[in-house]
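Shown next, in structure tokens, is the structure this report addresses.
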Amino acid sequence: MAHGTGEARIRVPDRIAQGDVITVNAIVSHPMDTGFFRTKDGDPIPAYFINEVIVTYGGDEIARFEWTSGISRDPVVSFTLRADREAPLTMSWKDNKGGVYTQSVNIAFTAA
Amino acid sequence: MSEHSELPRRSFLQVIALASAGLAGSAALSRSGRLFGAIAAAGPDDPEIPNEEVARIYRERFGGRPITRAHVQLDMPAVAEDGRIVPVIIESDLPMTADRYVKGIHLIVDHNPDAHLAGFYLTPAVGRLSISTRIKMKRTTWVRAILETNTGELWADYTRVLVTLNGCG
């Protein structure tokens, strides 16, 4: 797993044919602090979590996720995509402190 | 009236008073039960709405619309040993076409601090409905996956997960 907050990876299948419905796996490094915990010294750890994820494909928004700190640390999400054209798939994770983390992967078709 | 009838009469009145208080109490309970029921439009085997927070989510997100337990599969472990990382898979056989598709998935964990844990808003571009992630769970409770179609239908699946280690703090 990546260590810096906001480091992200998107994984898609190696071989994609036009029209396939593929599974996209994504992970972003983030503490997803709930605000309910304290440090060993007793200081409260403020809530710090990703609250929105936007997924675009060739510039069109195809999905949007609304999250809370109930999503586990270093959030993973997988979803499907109908690969109907060669275009970048981009995800932006936004957190409650204004952080925005973006990662892209190119959806390209393998020759038959 | 003799002195002797006074005591039984008073206790009779007390019994009546207690009984009506009890009736009023149970009427209040069943009223709130009906209220939650009306919000949820739940089937006989569906989990009850456990608290005001979940009732509020139902009111605000689904209005009074009926929710039917079908077309959705919510896969979670029956026992989550670590409440910090509980896998969730939500799948559905509902169509994902241009005219008919699932526009939103609501993941609700009844007894978590944020009961509406996540919403996944989709378009037909995803092709088929399969979403997975990992969540935190505070304690043993029902988890609800409620899907809303673009035409406003609501479909759901529910599963009860036993949590042994609190994952929310």
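Each chain in the structure tokens gets a letter, A, B, ..., in the order shown, and its residues are numbered from 1; ligands are numbered from 1 in order too.
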
When you look at Ile89 in chain B with a cut-off of 7 Å (counting only C-alpha atoms), what residues show up, excluding the ones that are within fewer than 5 positions of it in the same chain? I need them as an mmCIF file with C-alpha atoms, in the first residue's frame.
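What ended up in part-v1.cif:
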data_model
loop_
_atom_site.group_PDB
_atom_site.id
_atom_site.type_symbol
_atom_site.label_atom_id
_atom_site.label_comp_id
_atom_site.auth_asym_id
_atom_site.auth_seq_id
_atom_site.Cartn_x
_atom_site.Cartn_y
_atom_site.Cartn_z
ATOM 1 C CA LEU B 74 -25.872 -7.513 -0.215
ATOM 2 C CA ASP B 75 -22.914 -9.777 0.556
ATOM 3 C CA MET B 76 -21.203 -9.350 3.902
ATOM 4 C CA ILE B 131 -19.938 -2.345 -6.245
ATOM 5 C CA SER B 132 -17.615 -3.370 -3.469
ATOM 6 C CA THR B 133 -15.787 -1.593 -0.673
#

Closest contacts (chain B/chain A, max 7 Å, only C-alpha atoms) as a Markdown table:
| residue | atom | partner | partner_atom | distance |
| --- | --- | --- | --- | --- |
| B:Arg84 | CA | A:Ser72 | CA | 6.3 |
| B:Ile85 | CA | A:Ser72 | CA | 5.8 |
| B:Asp114 | CA | A:Gly70 | CA | 6.9 |
| B:Leu117 | CA | A:Thr68 | CA | 5.7 |
| B:Ala118 | CA | A:Trp67 | CA | 4.6 |
| B:Gly119 | CA | A:Glu66 | CA | 4.8 |
| B:Phe120 | CA | A:Phe65 | CA | 4.5 |
| B:Tyr121 | CA | A:Arg64 | CA | 5.1 |
| B:Leu122 | CA | A:Ala63 | CA | 4.5 |
| B:Thr123 | CA | A:Ile62 | CA | 5.4 |
| B:Ala125 | CA | A:Arg82 | CA | 5.8 |
| B:Val126 | CA | A:Leu81 | CA | 4.0 |
| B:Gly127 | CA | A:Arg82 | CA | 4.9 |
| B:Arg128 | CA | A:Thr80 | CA | 6.5 |
| B:Leu129 | CA | A:Thr80 | CA | 7.0 |
| B:Ser130 | CA | A:Phe79 | CA | 5.7 |
| B:Ile131 | CA | A:Phe79 | CA | 4.7 |
| B:Ser132 | CA | A:Ser78 | CA | 5.1 |
| B:Thr133 | CA | A:Val77 | CA | 4.6 |
| B:Arg134 | CA | A:Ser72 | CA | 5.6 |
| B:Ile135 | CA | A:Ile71 | CA | 4.4 |
| B:Lys136 | CA | A:Gly70 | CA | 5.1 |
| B:Gly169 | CA | A:Phe36 | CA | 5.7 |

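With only C-alpha atoms as the atoms that count, the minimum distance from Trp93 in chain A to the choices A:Met32, A:Gln18, A:Ala111, A:Gly6 is reached by A:Gly6.
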
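Taking CA of Asn112 in chain B as the reference point, CA of Cys168 in chain B is found at 7.7 Å.
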
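Atom pair CA of Val54 in chain B / CA of Pro31 in chain A: separated by 26.4 Å.
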
Q: Could you give me, as a list in words, the residues within 7 Å of Ala156 in chain B, counting only C-alpha atoms and dropping anything in the same chain fewer than 4 positions from it?
A: Ile67, Thr68, Arg69, Ala70, Val72, Ala145, Ile146 and Leu147 of chain B

Q: Just the strand (DSSP E or B) stuff from chain A, please, per backbone DSSP, written as a PyMOL selection string.
A: chain A and resi 8-11+21-28+33+38+44+48+50-57+60-67+71+76-82+87-95+100-107

Leaving out Pro50 in chain B and any residue of its chain fewer than 2 positions from it, which residues lie within 10 Å of it when counting only C-alpha atoms, given as a PDB file with C-alpha atoms, in the first residue's frame?
ATOM      1  CA  GLY B  33     -43.976   1.707  15.270  1.00  0.00           C
ATOM      2  CA  PHE B  36     -41.593   4.048  11.212  1.00  0.00           C
ATOM      3  CA  PRO B  47     -35.729  -5.418   9.806  1.00  0.00           C
ATOM      4  CA  GLU B  48     -37.610  -2.757  11.734  1.00  0.00           C
ATOM      5  CA  GLU B  52     -34.847   8.111  14.768  1.00  0.00           C
ATOM      6  CA  GLU B  53     -31.659   8.509  12.709  1.00  0.00           C
ATOM      7  CA  VAL B  54     -32.549   5.665  10.352  1.00  0.00           C
ATOM      8  CA  ALA B  55     -36.174   6.915  10.262  1.00  0.00           C
ATOM      9  CA  ASP B 110     -28.307   0.991  11.600  1.00  0.00           C
ATOM     10  CA  HIS B 111     -26.166   1.522  14.702  1.00  0.00           C
ATOM     11  CA  THR B 141     -26.508  -4.557  13.608  1.00  0.00           C
ATOM     12  CA  TRP B 142     -28.516  -4.729  10.414  1.00  0.00           C
TER      13      TRP B 142
END
